[in-house]
Amino acid sequence: MNSPDNKKSILVLKDISLSFKGVKAITDISFNVYEGEICSVIGPNGAGKSSMLNVINGVYIPQEGTISFDGKEFTKMKPHSAAVMGIGRTFQNIALFSGMSVLDNIMSGRNLMMKANFWEHALNIGRAEKEELEHRQAVEEIIEFLGLQSIRKTPVASLAYGLQKRVELGRALAAKPKMLLLDEPMAGMTMEEKLDMSCFIQEINRNYGTTIVLIEHDMGVVMDISDHVVVLDYGKKIGDGAPDEVMNNQDVIDAYLGVSH
Amino acid sequence: MDYAFFLEVLVGGLLSGIMYSLVAIGFVLIYKSSGVFNFAQGTMLLLAALTFVSLTERMVNFWVAFAITLMIMVVLGIIIERTVMRPLANQSLLSLFMATVGLNYFLEGLAQGVWDSAVHGVNLGISNDPIFLIDKFPVLGLDIIVSYFDMAAAGIAGLMILGLSLFFTFTRTGLSLRAVSDDHLAAMAVGIPLSRIWAIVWAVTGVICLIAGLLWGDRVSVSFTLTSAVLKGLPVILIGGLTSIPGAIVGGLIIGASEKLGEIYVAEWIGGQGIEHWWAYTTALLFLMVRPTGIFGEKEIERV
Amino acid sequence: MFYREAGKLVGSFGKDRRMLPLLEDRWLAVLFVAFMYFVVTAIASDYMFTAILIPIMVLGVATLGLNIAVGYTGQLSLGTAGFMCFGAFSAFNLILRIDWMTIPLAFFLSGMIAGGVGIIFGLPSLRIKGFYLIVSTLAAQFFAEWVFNAYPWFLNYTSSGVVSLPMHHYRVFPGQENTPFNAAFWYSSQGRYLVTLTVTILLVLACKNLVRSNTGRNWMAVRDMDIAAKVIGIPVAKTKLMAFFISTFYCGVAGAMYCYCYIGNLDFMIFNLRRSFLVMFMVIVGGLGSILGSFLGAIFVYAWPILITRGSDFIFGGGAIDTAFIENNSKIVVGTIIIVLLIREPGGFAALWSSSKQKLRVWPFAQ
Ligand SMILES: Nc1ncnc2c1ncn2[C@@H]1O[C@H](COP(=O)(O)OP(=O)(O)OP(=O)(O)O)[C@@H](O)[C@H]1O
Ligand SMILES: [Mg+2]
């Protein structure tokens, strides 16, 4: 591993292999993500990038390998414990709660911090109201940060694609994650929207020290904002290192130019 | 334990199971083509049987009545497909199911409004005598009595099942149906005429409804209770896995056997007759707890 | 519309979170409740109480219960009548066998018991998804139909299979058994109406509170996208079971009220699968995931046959049209409306209501 000793790994993936009914999606991949960095995972379509994120937060269970997050090692991560440990996530195909408003979507991101039980909720007594207002305050800050004020009561299903992606980021952010997994947050966006989104990502990274793992196809953006790039192709890792270093790697160039294997 | 009696119960159960399989295949076909469990099928069964007996009661010749009913069922199926299922294509599973529940209610009102809600008899001319299997299979050396009617009904149902299975395994239509059930859009993209498949499927279901409705009607009379056929078919196709014809066959046999065995052996033990309904569903539930998408259902890993 | 949100600023999140953010709406709600309590109680006829108001409220509560499972949490349930049956029998046996039992407590406890049963039959939802889940609640339905018949203890060994409820003494309020006030209160349709109204209002308020809280958001999250819900830390299993519990709690209370406040006797035959479907229709017609819709649906599906009967009596004279015709007609109409709504307005009457409100809001300046 090319891990510089001065950086502490927040996530260590060791020998991960994942297959679906015999079809290999990920083959023996290991890499580290360092605390506080922006790490981009790149690779052609079907390379196994999304599957990798799914393995990290327990949506898919790999057949082999271990995942360590924050010093704790797992062979089987569970989505719930990933959330509890502070791994946030957005999805390639927007996975918002389509029947709820922007506000409720982002509020739901704070569910782990809410302690009131359903009796308190039903009667609106005890912690229920107080908690709701406290968290509303925090959520309003996120809404302001992402510029969603004017649509906070709008049902998410009626929003434009770019805005939905932003709301999804807001929902993940609401949980105050230590690490954010963003699956193509800028795909299908206009230039302007991309710019906004990469600003948000960088600001989150800088202001809260949130580690970011990002899947992105736009090389310009990747080179711009990442501290670290991991390249996957056909489920194998073919590059791992600083952006310019990786871009000069022959395997990576071959993969992107489509040299036959 | 009295093995002869046990076998008798088991055989009786399997025979009625074949009937369930037949009805369940109707469900499977529609599920494959339209992606919905057609709750209205019980009432379609009633409508078919009711139309048939009402015609014969009006002195229409048996075969003429049969042909007219068949035509009505096919046309009805096509109308349903056009007016209800197609506008709802790509809706959620829940909306689709609800639509067939609404359709069921509509057809109930229609069937009984056009004809009547009286109890009719239907006689297909099949004898109801018991037959002694001991004469037929002396090797078993067991004294098993089975009703001739059950044998005949199971035979007819079995033949239909065989025919349908062959049809949907070996013809182009069958192949197309499989493609459609895998992916509507892809099927359309490669030029499979969806509307023709849909029309065929709904028409075949109409035929199944008529045959099953008559057999069932001869057995228990043509009346409102026929609509409960849907409740027999439901656990069957859930066990089988919703989209599988072999699944429907196996599921039918399982539910048929489990129902009859449960009624004899379990009901006595927990003190009360008439457990067959919840027993069938509990059986299905147990199977699903082991295999959540049925015996022949594909296990899908949700993509995100 | 004579009033609208525009120009009314809220000063705090607490005010923004109110059940009815508009002052005018709050006044209307207060007026409506006052009207139901004072005016209706004073002037409505016996027929109005026993044949219209009480059953609509009772069925509305059942519909609301089902809506929590289906509309808010996305878990298909066809066992509503079965769960109502559990509620009704629990209330009966509690009141029969515990001599300090009062009606409100019995209603609450029968809701809890039904809720417990709901959790048991909701357990498979942790493993079985989508349409397959239908087996579980159908098993509950048929089990309920069977068990109260198979074990005569539940009906206190009444051989006819039907218990007429007014032969027992109830306490509506704690205190001396069968005081003249309690008896008079209970035997009057006003008394039963007031009990039903109060329970209904309390349950509606509780439901409204739940759906605007974290519990409600979790339900809807599980309904809309359960993987994403899991990923943001929502305990999906607990959320589903809680939805089943609360849903069947409502159904159980509705079942108890159905017997005690509406029909006045206990009979397991009425809680059959058809009634489950009727409640399901109310949900669809009224609107999935809507509290108001639950009651609109109950009103429509319940009142439609009555309306035709009354209308035809009025036009053609009493008894001119036979009941079979009315039954078939209402099946055809309700069936058609369900299909048309699913195609045109999947949000049901509740969505129609809010979209017409929206139109009124901009009237006459836009279409
Ligand atoms: N749930 C699943 N079931 C079966 N196969 C899957 C599943 N999820 C992913 N795959 C397969 O795994 C491989 C990798 O898919 P993945 O979605 O991880 O690619 P990706 O790198 O994210 O591609 P893209 O850039 O298109 O998003 C693909 O061949 C895909 O078909
Ligand atoms: Mg991907």
# chains A, B, ... in the order shown; residues from 1 in each chain; ligands from 1

$ select_by_dssp --residues "segment 61-275 of chain C" --states "strand (DSSP E or B)" --output "list in words"
Val162, Val163, Ser164, Asn265, Leu266 and Asp267 of chain C

$ select_by_dssp --residues "segment 7-174 of chain A" --states "alpha helix (DSSP H)" --output "PDB file with N, CA and C atoms, in the first residue's frame"
ATOM      1  N   LYS A  49     -17.964  -0.020  -9.153  1.00  0.00           N
ATOM      2  CA  LYS A  49     -17.832   1.118  -8.229  1.00  0.00           C
ATOM      3  C   LYS A  49     -19.006   1.176  -7.249  1.00  0.00           C
ATOM      4  N   SER A  50     -20.211   1.141  -7.796  1.00  0.00           N
ATOM      5  CA  SER A  50     -21.374   1.201  -6.903  1.00  0.00           C
ATOM      6  C   SER A  50     -21.400  -0.002  -5.978  1.00  0.00           C
ATOM      7  N   SER A  51     -21.052  -1.151  -6.519  1.00  0.00           N
ATOM      8  CA  SER A  51     -21.025  -2.346  -5.679  1.00  0.00           C
ATOM      9  C   SER A  51     -20.054  -2.153  -4.518  1.00  0.00           C
ATOM     10  N   MET A  52     -18.931  -1.478  -4.799  1.00  0.00           N
ATOM     11  CA  MET A  52     -17.936  -1.215  -3.757  1.00  0.00           C
ATOM     12  C   MET A  52     -18.553  -0.378  -2.636  1.00  0.00           C
ATOM     13  N   LEU A  53     -19.258   0.695  -2.995  1.00  0.00           N
ATOM     14  CA  LEU A  53     -19.905   1.512  -1.965  1.00  0.00           C
ATOM     15  C   LEU A  53     -20.928   0.677  -1.202  1.00  0.00           C
ATOM     16  N   ASN A  54     -21.645  -0.161  -1.938  1.00  0.00           N
ATOM     17  CA  ASN A  54     -22.644  -0.996  -1.271  1.00  0.00           C
ATOM     18  C   ASN A  54     -21.997  -1.956  -0.287  1.00  0.00           C
ATOM     19  N   VAL A  55     -20.819  -2.411  -0.605  1.00  0.00           N
ATOM     20  CA  VAL A  55     -20.109  -3.277   0.332  1.00  0.00           C
ATOM     21  C   VAL A  55     -19.701  -2.472   1.568  1.00  0.00           C
ATOM     22  N   ILE A  56     -19.220  -1.250   1.338  1.00  0.00           N
ATOM     23  CA  ILE A  56     -18.730  -0.449   2.457  1.00  0.00           C
ATOM     24  C   ILE A  56     -19.829  -0.197   3.479  1.00  0.00           C
ATOM     25  N   PRO A  79     -26.146  -2.279   7.129  1.00  0.00           N
ATOM     26  CA  PRO A  79     -26.464  -0.889   6.816  1.00  0.00           C
ATOM     27  C   PRO A  79     -26.753  -0.077   8.076  1.00  0.00           C
ATOM     28  N   HIS A  80     -27.470  -0.708   9.022  1.00  0.00           N
ATOM     29  CA  HIS A  80     -27.832   0.036  10.220  1.00  0.00           C
ATOM     30  C   HIS A  80     -26.598   0.382  11.047  1.00  0.00           C
ATOM     31  N   SER A  81     -25.693  -0.601  11.220  1.00  0.00           N
ATOM     32  CA  SER A  81     -24.524  -0.279  12.052  1.00  0.00           C
ATOM     33  C   SER A  81     -23.600   0.682  11.317  1.00  0.00           C
ATOM     34  N   ALA A  82     -23.587   0.603   9.977  1.00  0.00           N
ATOM     35  CA  ALA A  82     -22.810   1.583   9.228  1.00  0.00           C
ATOM     36  C   ALA A  82     -23.325   2.986   9.524  1.00  0.00           C
ATOM     37  N   ALA A  83     -24.649   3.129   9.535  1.00  0.00           N
ATOM     38  CA  ALA A  83     -25.233   4.438   9.815  1.00  0.00           C
ATOM     39  C   ALA A  83     -24.889   4.879  11.232  1.00  0.00           C
ATOM     40  N   VAL A  84     -24.986   3.947  12.178  1.00  0.00           N
ATOM     41  CA  VAL A  84     -24.708   4.288  13.566  1.00  0.00           C
ATOM     42  C   VAL A  84     -23.256   4.741  13.727  1.00  0.00           C
ATOM     43  N   MET A  85     -22.350   4.088  12.981  1.00  0.00           N
ATOM     44  CA  MET A  85     -20.939   4.459  13.104  1.00  0.00           C
ATOM     45  C   MET A  85     -20.609   5.749  12.370  1.00  0.00           C
ATOM     46  N   VAL A 102     -39.300  17.852   1.073  1.00  0.00           N
ATOM     47  CA  VAL A 102     -37.867  18.070   1.224  1.00  0.00           C
ATOM     48  C   VAL A 102     -37.501  18.090   2.708  1.00  0.00           C
ATOM     49  N   LEU A 103     -38.276  18.845   3.461  1.00  0.00           N
ATOM     50  CA  LEU A 103     -38.004  18.974   4.898  1.00  0.00           C
ATOM     51  C   LEU A 103     -38.040  17.611   5.587  1.00  0.00           C
ATOM     52  N   ASP A 104     -39.093  16.840   5.315  1.00  0.00           N
ATOM     53  CA  ASP A 104     -39.223  15.538   5.971  1.00  0.00           C
ATOM     54  C   ASP A 104     -38.114  14.584   5.550  1.00  0.00           C
ATOM     55  N   ASN A 105     -37.723  14.651   4.273  1.00  0.00           N
ATOM     56  CA  ASN A 105     -36.618  13.808   3.830  1.00  0.00           C
ATOM     57  C   ASN A 105     -35.362  14.109   4.622  1.00  0.00           C
ATOM     58  N   ILE A 106     -35.070  15.384   4.772  1.00  0.00           N
ATOM     59  CA  ILE A 106     -33.840  15.731   5.478  1.00  0.00           C
ATOM     60  C   ILE A 106     -33.995  15.444   6.972  1.00  0.00           C
ATOM     61  N   MET A 107     -35.175  15.722   7.520  1.00  0.00           N
ATOM     62  CA  MET A 107     -35.421  15.397   8.930  1.00  0.00           C
ATOM     63  C   MET A 107     -35.207  13.906   9.180  1.00  0.00           C
ATOM     64  N   SER A 108     -35.621  13.069   8.237  1.00  0.00           N
ATOM     65  CA  SER A 108     -35.490  11.623   8.454  1.00  0.00           C
ATOM     66  C   SER A 108     -34.011  11.238   8.569  1.00  0.00           C
ATOM     67  N   PHE A 118     -42.889   6.053  20.608  1.00  0.00           N
ATOM     68  CA  PHE A 118     -44.112   6.371  19.856  1.00  0.00           C
ATOM     69  C   PHE A 118     -45.246   6.860  20.739  1.00  0.00           C
ATOM     70  N   TRP A 119     -45.228   6.501  22.008  1.00  0.00           N
ATOM     71  CA  TRP A 119     -46.268   7.058  22.897  1.00  0.00           C
ATOM     72  C   TRP A 119     -46.093   8.564  23.008  1.00  0.00           C
ATOM     73  N   GLU A 120     -44.823   8.973  23.179  1.00  0.00           N
ATOM     74  CA  GLU A 120     -44.560  10.409  23.246  1.00  0.00           C
ATOM     75  C   GLU A 120     -44.969  11.085  21.948  1.00  0.00           C
ATOM     76  N   HIS A 121     -44.671  10.393  20.840  1.00  0.00           N
ATOM     77  CA  HIS A 121     -45.060  10.961  19.549  1.00  0.00           C
ATOM     78  C   HIS A 121     -46.573  11.073  19.416  1.00  0.00           C
ATOM     79  N   ALA A 122     -47.266   9.987  19.776  1.00  0.00           N
ATOM     80  CA  ALA A 122     -48.722   9.984  19.597  1.00  0.00           C
ATOM     81  C   ALA A 122     -49.379  11.085  20.410  1.00  0.00           C
ATOM     82  N   LEU A 123     -48.893  11.289  21.623  1.00  0.00           N
ATOM     83  CA  LEU A 123     -49.525  12.280  22.485  1.00  0.00           C
ATOM     84  C   LEU A 123     -48.840  13.638  22.388  1.00  0.00           C
ATOM     85  N   ARG A 127     -40.412  14.185  25.239  1.00  0.00           N
ATOM     86  CA  ARG A 127     -39.326  14.623  24.370  1.00  0.00           C
ATOM     87  C   ARG A 127     -39.787  14.966  22.963  1.00  0.00           C
ATOM     88  N   ALA A 128     -40.998  14.495  22.602  1.00  0.00           N
ATOM     89  CA  ALA A 128     -41.387  14.567  21.193  1.00  0.00           C
ATOM     90  C   ALA A 128     -41.255  15.960  20.594  1.00  0.00           C
ATOM     91  N   GLU A 129     -41.974  16.915  21.158  1.00  0.00           N
ATOM     92  CA  GLU A 129     -42.016  18.244  20.562  1.00  0.00           C
ATOM     93  C   GLU A 129     -40.650  18.929  20.635  1.00  0.00           C
ATOM     94  N   LYS A 130     -40.004  18.792  21.798  1.00  0.00           N
ATOM     95  CA  LYS A 130     -38.727  19.460  22.018  1.00  0.00           C
ATOM     96  C   LYS A 130     -37.693  18.987  21.000  1.00  0.00           C
ATOM     97  N   GLU A 131     -37.610  17.665  20.904  1.00  0.00           N
ATOM     98  CA  GLU A 131     -36.670  17.066  19.969  1.00  0.00           C
ATOM     99  C   GLU A 131     -36.917  17.528  18.544  1.00  0.00           C
ATOM    100  N   GLU A 132     -38.175  17.485  18.191  1.00  0.00           N
ATOM    101  CA  GLU A 132     -38.552  17.849  16.826  1.00  0.00           C
ATOM    102  C   GLU A 132     -38.064  19.262  16.497  1.00  0.00           C
ATOM    103  N   LEU A 133     -38.241  20.169  17.440  1.00  0.00           N
ATOM    104  CA  LEU A 133     -37.851  21.554  17.185  1.00  0.00           C
ATOM    105  C   LEU A 133     -36.338  21.722  17.147  1.00  0.00           C
ATOM    106  N   GLU A 134     -35.646  21.016  18.060  1.00  0.00           N
ATOM    107  CA  GLU A 134     -34.181  21.073  18.044  1.00  0.00           C
ATOM    108  C   GLU A 134     -33.622  20.624  16.701  1.00  0.00           C
ATOM    109  N   HIS A 135     -34.125  19.472  16.266  1.00  0.00           N
ATOM    110  CA  HIS A 135     -33.591  18.929  15.026  1.00  0.00           C
ATOM    111  C   HIS A 135     -34.021  19.746  13.825  1.00  0.00           C
ATOM    112  N   ARG A 136     -35.191  20.351  13.944  1.00  0.00           N
ATOM    113  CA  ARG A 136     -35.627  21.227  12.862  1.00  0.00           C
ATOM    114  C   ARG A 136     -34.625  22.363  12.685  1.00  0.00           C
ATOM    115  N   GLN A 137     -34.144  22.873  13.814  1.00  0.00           N
ATOM    116  CA  GLN A 137     -33.147  23.940  13.774  1.00  0.00           C
ATOM    117  C   GLN A 137     -31.914  23.498  12.984  1.00  0.00           C
ATOM    118  N   ALA A 138     -31.421  22.304  13.331  1.00  0.00           N
ATOM    119  CA  ALA A 138     -30.224  21.803  12.652  1.00  0.00           C
ATOM    120  C   ALA A 138     -30.499  21.571  11.173  1.00  0.00           C
ATOM    121  N   VAL A 139     -31.680  21.036  10.876  1.00  0.00           N
ATOM    122  CA  VAL A 139     -32.016  20.746   9.489  1.00  0.00           C
ATOM    123  C   VAL A 139     -32.150  22.048   8.682  1.00  0.00           C
ATOM    124  N   GLU A 140     -32.679  23.075   9.346  1.00  0.00           N
ATOM    125  CA  GLU A 140     -32.798  24.352   8.642  1.00  0.00           C
ATOM    126  C   GLU A 140     -31.429  24.880   8.225  1.00  0.00           C
ATOM    127  N   GLU A 141     -30.423  24.615   9.055  1.00  0.00           N
ATOM    128  CA  GLU A 141     -29.078  25.053   8.678  1.00  0.00           C
ATOM    129  C   GLU A 141     -28.618  24.354   7.406  1.00  0.00           C
ATOM    130  N   ILE A 142     -28.926  23.052   7.329  1.00  0.00           N
ATOM    131  CA  ILE A 142     -28.553  22.302   6.119  1.00  0.00           C
ATOM    132  C   ILE A 142     -29.329  22.835   4.923  1.00  0.00           C
ATOM    133  N   ILE A 143     -30.611  23.095   5.137  1.00  0.00           N
ATOM    134  CA  ILE A 143     -31.441  23.613   4.051  1.00  0.00           C
ATOM    135  C   ILE A 143     -30.873  24.931   3.531  1.00  0.00           C
ATOM    136  N   GLU A 144     -30.408  25.734   4.461  1.00  0.00           N
ATOM    137  CA  GLU A 144     -29.852  27.020   4.051  1.00  0.00           C
ATOM    138  C   GLU A 144     -28.530  26.824   3.312  1.00  0.00           C
ATOM    139  N   PHE A 145     -27.713  25.940   3.857  1.00  0.00           N
ATOM    140  CA  PHE A 145     -26.426  25.644   3.241  1.00  0.00           C
ATOM    141  C   PHE A 145     -26.591  25.190   1.789  1.00  0.00           C
ATOM    142  N   TYR A 161     -34.311  16.945 -11.280  1.00  0.00           N
ATOM    143  CA  TYR A 161     -33.290  15.947 -10.953  1.00  0.00           C
ATOM    144  C   TYR A 161     -32.142  16.519 -10.127  1.00  0.00           C
ATOM    145  N   GLY A 162     -31.609  17.655 -10.573  1.00  0.00           N
ATOM    146  CA  GLY A 162     -30.470  18.246  -9.878  1.00  0.00           C
ATOM    147  C   GLY A 162     -30.807  18.591  -8.435  1.00  0.00           C
ATOM    148  N   LEU A 163     -32.013  19.102  -8.228  1.00  0.00           N
ATOM    149  CA  LEU A 163     -32.431  19.442  -6.866  1.00  0.00           C
ATOM    150  C   LEU A 163     -32.603  18.191  -6.012  1.00  0.00           C
ATOM    151  N   GLN A 164     -33.136  17.155  -6.643  1.00  0.00           N
ATOM    152  CA  GLN A 164     -33.302  15.911  -5.881  1.00  0.00           C
ATOM    153  C   GLN A 164     -31.952  15.403  -5.383  1.00  0.00           C
ATOM    154  N   LYS A 165     -30.947  15.482  -6.239  1.00  0.00           N
ATOM    155  CA  LYS A 165     -29.612  15.046  -5.822  1.00  0.00           C
ATOM    156  C   LYS A 165     -29.138  15.865  -4.630  1.00  0.00           C
ATOM    157  N   ARG A 166     -29.480  17.135  -4.651  1.00  0.00           N
ATOM    158  CA  ARG A 166     -29.068  18.019  -3.561  1.00  0.00           C
ATOM    159  C   ARG A 166     -29.790  17.648  -2.271  1.00  0.00           C
ATOM    160  N   VAL A 167     -31.090  17.348  -2.400  1.00  0.00           N
ATOM    161  CA  VAL A 167     -31.841  16.945  -1.213  1.00  0.00           C
ATOM    162  C   VAL A 167     -31.261  15.657  -0.633  1.00  0.00           C
ATOM    163  N   GLU A 168     -30.875  14.763  -1.525  1.00  0.00           N
ATOM    164  CA  GLU A 168     -30.325  13.504  -1.037  1.00  0.00           C
ATOM    165  C   GLU A 168     -29.023  13.748  -0.275  1.00  0.00           C
ATOM    166  N   LEU A 169     -28.233  14.666  -0.780  1.00  0.00           N
ATOM    167  CA  LEU A 169     -27.024  15.030  -0.059  1.00  0.00           C
ATOM    168  C   LEU A 169     -27.391  15.602   1.305  1.00  0.00           C
ATOM    169  N   GLY A 170     -28.416  16.423   1.321  1.00  0.00           N
ATOM    170  CA  GLY A 170     -28.867  17.012   2.584  1.00  0.00           C
ATOM    171  C   GLY A 170     -29.292  15.961   3.583  1.00  0.00           C
ATOM    172  N   ARG A 171     -29.987  14.952   3.090  1.00  0.00           N
ATOM    173  CA  ARG A 171     -30.454  13.898   3.986  1.00  0.00           C
ATOM    174  C   ARG A 171     -29.265  13.151   4.595  1.00  0.00           C
ATOM    175  N   ALA A 172     -28.263  12.869   3.746  1.00  0.00           N
ATOM    176  CA  ALA A 172     -27.087  12.161   4.261  1.00  0.00           C
ATOM    177  C   ALA A 172     -26.341  13.045   5.258  1.00  0.00           C
ATOM    178  N   LEU A 173     -26.275  14.329   4.948  1.00  0.00           N
ATOM    179  CA  LEU A 173     -25.546  15.281   5.778  1.00  0.00           C
ATOM    180  C   LEU A 173     -26.204  15.461   7.140  1.00  0.00           C
ATOM    181  N   ALA A 174     -27.517  15.328   7.163  1.00  0.00           N
ATOM    182  CA  ALA A 174     -28.268  15.577   8.392  1.00  0.00           C
ATOM    183  C   ALA A 174     -27.814  14.664   9.517  1.00  0.00           C
TER     184      ALA A 174
END

$ interface_residues --of "chain B" --to "chain C" --cutoff "6 Å" --atoms "only C-alpha atoms" --output "list in words"
Ala99, Gly102, Leu103, Tyr105, Phe106, Gly109, Gly113, Gly272, Trp278, Tyr281 and Pro292 of chain B

$ interface_residues --of "chain C" --to "chain A" --cutoff "12 Å" --atoms "only C-alpha atoms" --output "ChimeraX atom specification"
/C:12-19,71-74,202-239,242-243,245-246,288-290,347

$ residues_around --residues "Pro185 of chain A" --least-positions-apart "2" --cutoff "8 Å" --atoms "only C-alpha atoms" --output "count of residues only"
11

$ interface_residues --of "chain B" --to "chain A" --cutoff "10 Å" --atoms "only C-alpha atoms" --output "number ranges by chain"
B: 301-304

$ residues_around --residues "Leu107 of chain B" --least-positions-apart "6" --cutoff "8 Å" --atoms "only C-alpha atoms" --output "ChimeraX atom specification"
/B:40,43-44,47 /C:332

$ residues_around --residues "Ile200 of chain B" --least-positions-apart "4" --cutoff "10 Å" --atoms "only C-alpha atoms" --output "PyMOL selection string"
chain B and resi 29+33+74+77-78+173+177+194-196+204-206

$ residues_around --residues "segment 21-27 of chain B" --least-positions-apart "4" --cutoff "7 Å" --atoms "only C-alpha atoms" --output "ChimeraX atom specification"
/B:17,31,37-38,157,161,205,208,212,233,236-237,245,248-249,252

$ write_last_selection --atoms "N, CA, C and O atoms" --output "mmCIF file, in the first residue's frame"
data_model
loop_
_atom_site.group_PDB
_atom_site.id
_atom_site.type_symbol
_atom_site.label_atom_id
_atom_site.label_comp_id
_atom_site.auth_asym_id
_atom_site.auth_seq_id
_atom_site.Cartn_x
_atom_site.Cartn_y
_atom_site.Cartn_z
ATOM 1 N N GLY B 17 -56.144 -30.711 -5.201
ATOM 2 C CA GLY B 17 -54.993 -29.853 -5.481
ATOM 3 C C GLY B 17 -54.803 -29.607 -6.963
ATOM 4 O O GLY B 17 -54.407 -28.517 -7.379
ATOM 5 N N TYR B 31 -50.116 -12.955 -14.143
ATOM 6 C CA TYR B 31 -49.018 -12.311 -13.413
ATOM 7 C C TYR B 31 -47.808 -12.138 -14.320
ATOM 8 O O TYR B 31 -47.149 -11.099 -14.323
ATOM 9 N N PHE B 37 -51.460 -9.879 -9.585
ATOM 10 C CA PHE B 37 -52.294 -10.983 -9.148
ATOM 11 C C PHE B 37 -53.734 -10.576 -9.413
ATOM 12 O O PHE B 37 -54.223 -9.608 -8.845
ATOM 13 N N ASN B 38 -54.395 -11.323 -10.287
ATOM 14 C CA ASN B 38 -55.744 -10.933 -10.699
ATOM 15 C C ASN B 38 -56.787 -11.404 -9.700
ATOM 16 O O ASN B 38 -57.278 -12.518 -9.781
ATOM 17 N N ALA B 157 -58.706 -31.425 -15.417
ATOM 18 C CA ALA B 157 -57.812 -30.330 -15.035
ATOM 19 C C ALA B 157 -56.377 -30.666 -15.396
ATOM 20 O O ALA B 157 -55.644 -29.841 -15.945
ATOM 21 N N ILE B 161 -53.870 -28.658 -17.771
ATOM 22 C CA ILE B 161 -52.575 -28.176 -17.286
ATOM 23 C C ILE B 161 -51.468 -28.622 -18.225
ATOM 24 O O ILE B 161 -50.603 -27.831 -18.621
ATOM 25 N N THR B 205 -57.122 -17.331 -19.856
ATOM 26 C CA THR B 205 -57.643 -17.287 -18.490
ATOM 27 C C THR B 205 -59.161 -17.436 -18.492
ATOM 28 O O THR B 205 -59.730 -18.102 -17.629
ATOM 29 N N ILE B 208 -59.861 -21.070 -18.839
ATOM 30 C CA ILE B 208 -59.601 -21.749 -17.566
ATOM 31 C C ILE B 208 -60.750 -21.504 -16.595
ATOM 32 O O ILE B 208 -61.228 -22.402 -15.913
ATOM 33 N N ALA B 212 -62.848 -24.539 -15.032
ATOM 34 C CA ALA B 212 -62.767 -24.698 -13.579
ATOM 35 C C ALA B 212 -64.108 -24.365 -12.941
ATOM 36 O O ALA B 212 -64.550 -25.031 -12.005
ATOM 37 N N GLY B 233 -56.642 -20.261 -4.919
ATOM 38 C CA GLY B 233 -55.529 -20.101 -5.847
ATOM 39 C C GLY B 233 -54.395 -19.266 -5.275
ATOM 40 O O GLY B 233 -53.233 -19.472 -5.586
ATOM 41 N N VAL B 236 -51.638 -20.974 -3.374
ATOM 42 C CA VAL B 236 -50.970 -21.875 -4.315
ATOM 43 C C VAL B 236 -49.905 -21.133 -5.114
ATOM 44 O O VAL B 236 -48.753 -21.553 -5.177
ATOM 45 N N ILE B 237 -50.275 -19.989 -5.696
ATOM 46 C CA ILE B 237 -49.261 -19.356 -6.542
ATOM 47 C C ILE B 237 -48.214 -18.640 -5.704
ATOM 48 O O ILE B 237 -47.105 -18.425 -6.154
ATOM 49 N N ILE B 245 -45.192 -21.753 -13.812
ATOM 50 C CA ILE B 245 -46.244 -22.745 -14.042
ATOM 51 C C ILE B 245 -45.967 -24.031 -13.262
ATOM 52 O O ILE B 245 -46.860 -24.530 -12.566
ATOM 53 N N ALA B 248 -46.994 -23.408 -9.833
ATOM 54 C CA ALA B 248 -48.436 -23.465 -9.589
ATOM 55 C C ALA B 248 -48.876 -24.909 -9.421
ATOM 56 O O ALA B 248 -49.727 -25.215 -8.582
ATOM 57 N N ILE B 249 -48.280 -25.814 -10.202
ATOM 58 C CA ILE B 249 -48.680 -27.226 -10.119
ATOM 59 C C ILE B 249 -48.267 -27.800 -8.767
ATOM 60 O O ILE B 249 -49.085 -28.359 -8.030
ATOM 61 N N GLY B 252 -50.229 -26.244 -5.936
ATOM 62 C CA GLY B 252 -51.596 -26.766 -5.864
ATOM 63 C C GLY B 252 -51.632 -28.091 -5.127
ATOM 64 O O GLY B 252 -52.471 -28.315 -4.255
#

$ closest_residue --among "A:Pro62, A:Gly209, A:Gly48, A:Pro243" --to "ligand 2" --atoms "only C-alpha atoms and all ligand atoms"
A:Gly48

$ residues_around --residues "Leu253 of chain B" --least-positions-apart "3" --cutoff "12 Å" --atoms "only C-alpha atoms" --output "JSON, numbers by chain"
{"B": [10, 11, 12, 13, 14, 15, 16, 17, 18, 19, 20, 21, 22, 24, 154, 158, 232, 233, 235, 236, 237, 239, 240, 246, 247, 248, 249, 250, 256, 257, 258, 259, 260, 261, 280]}
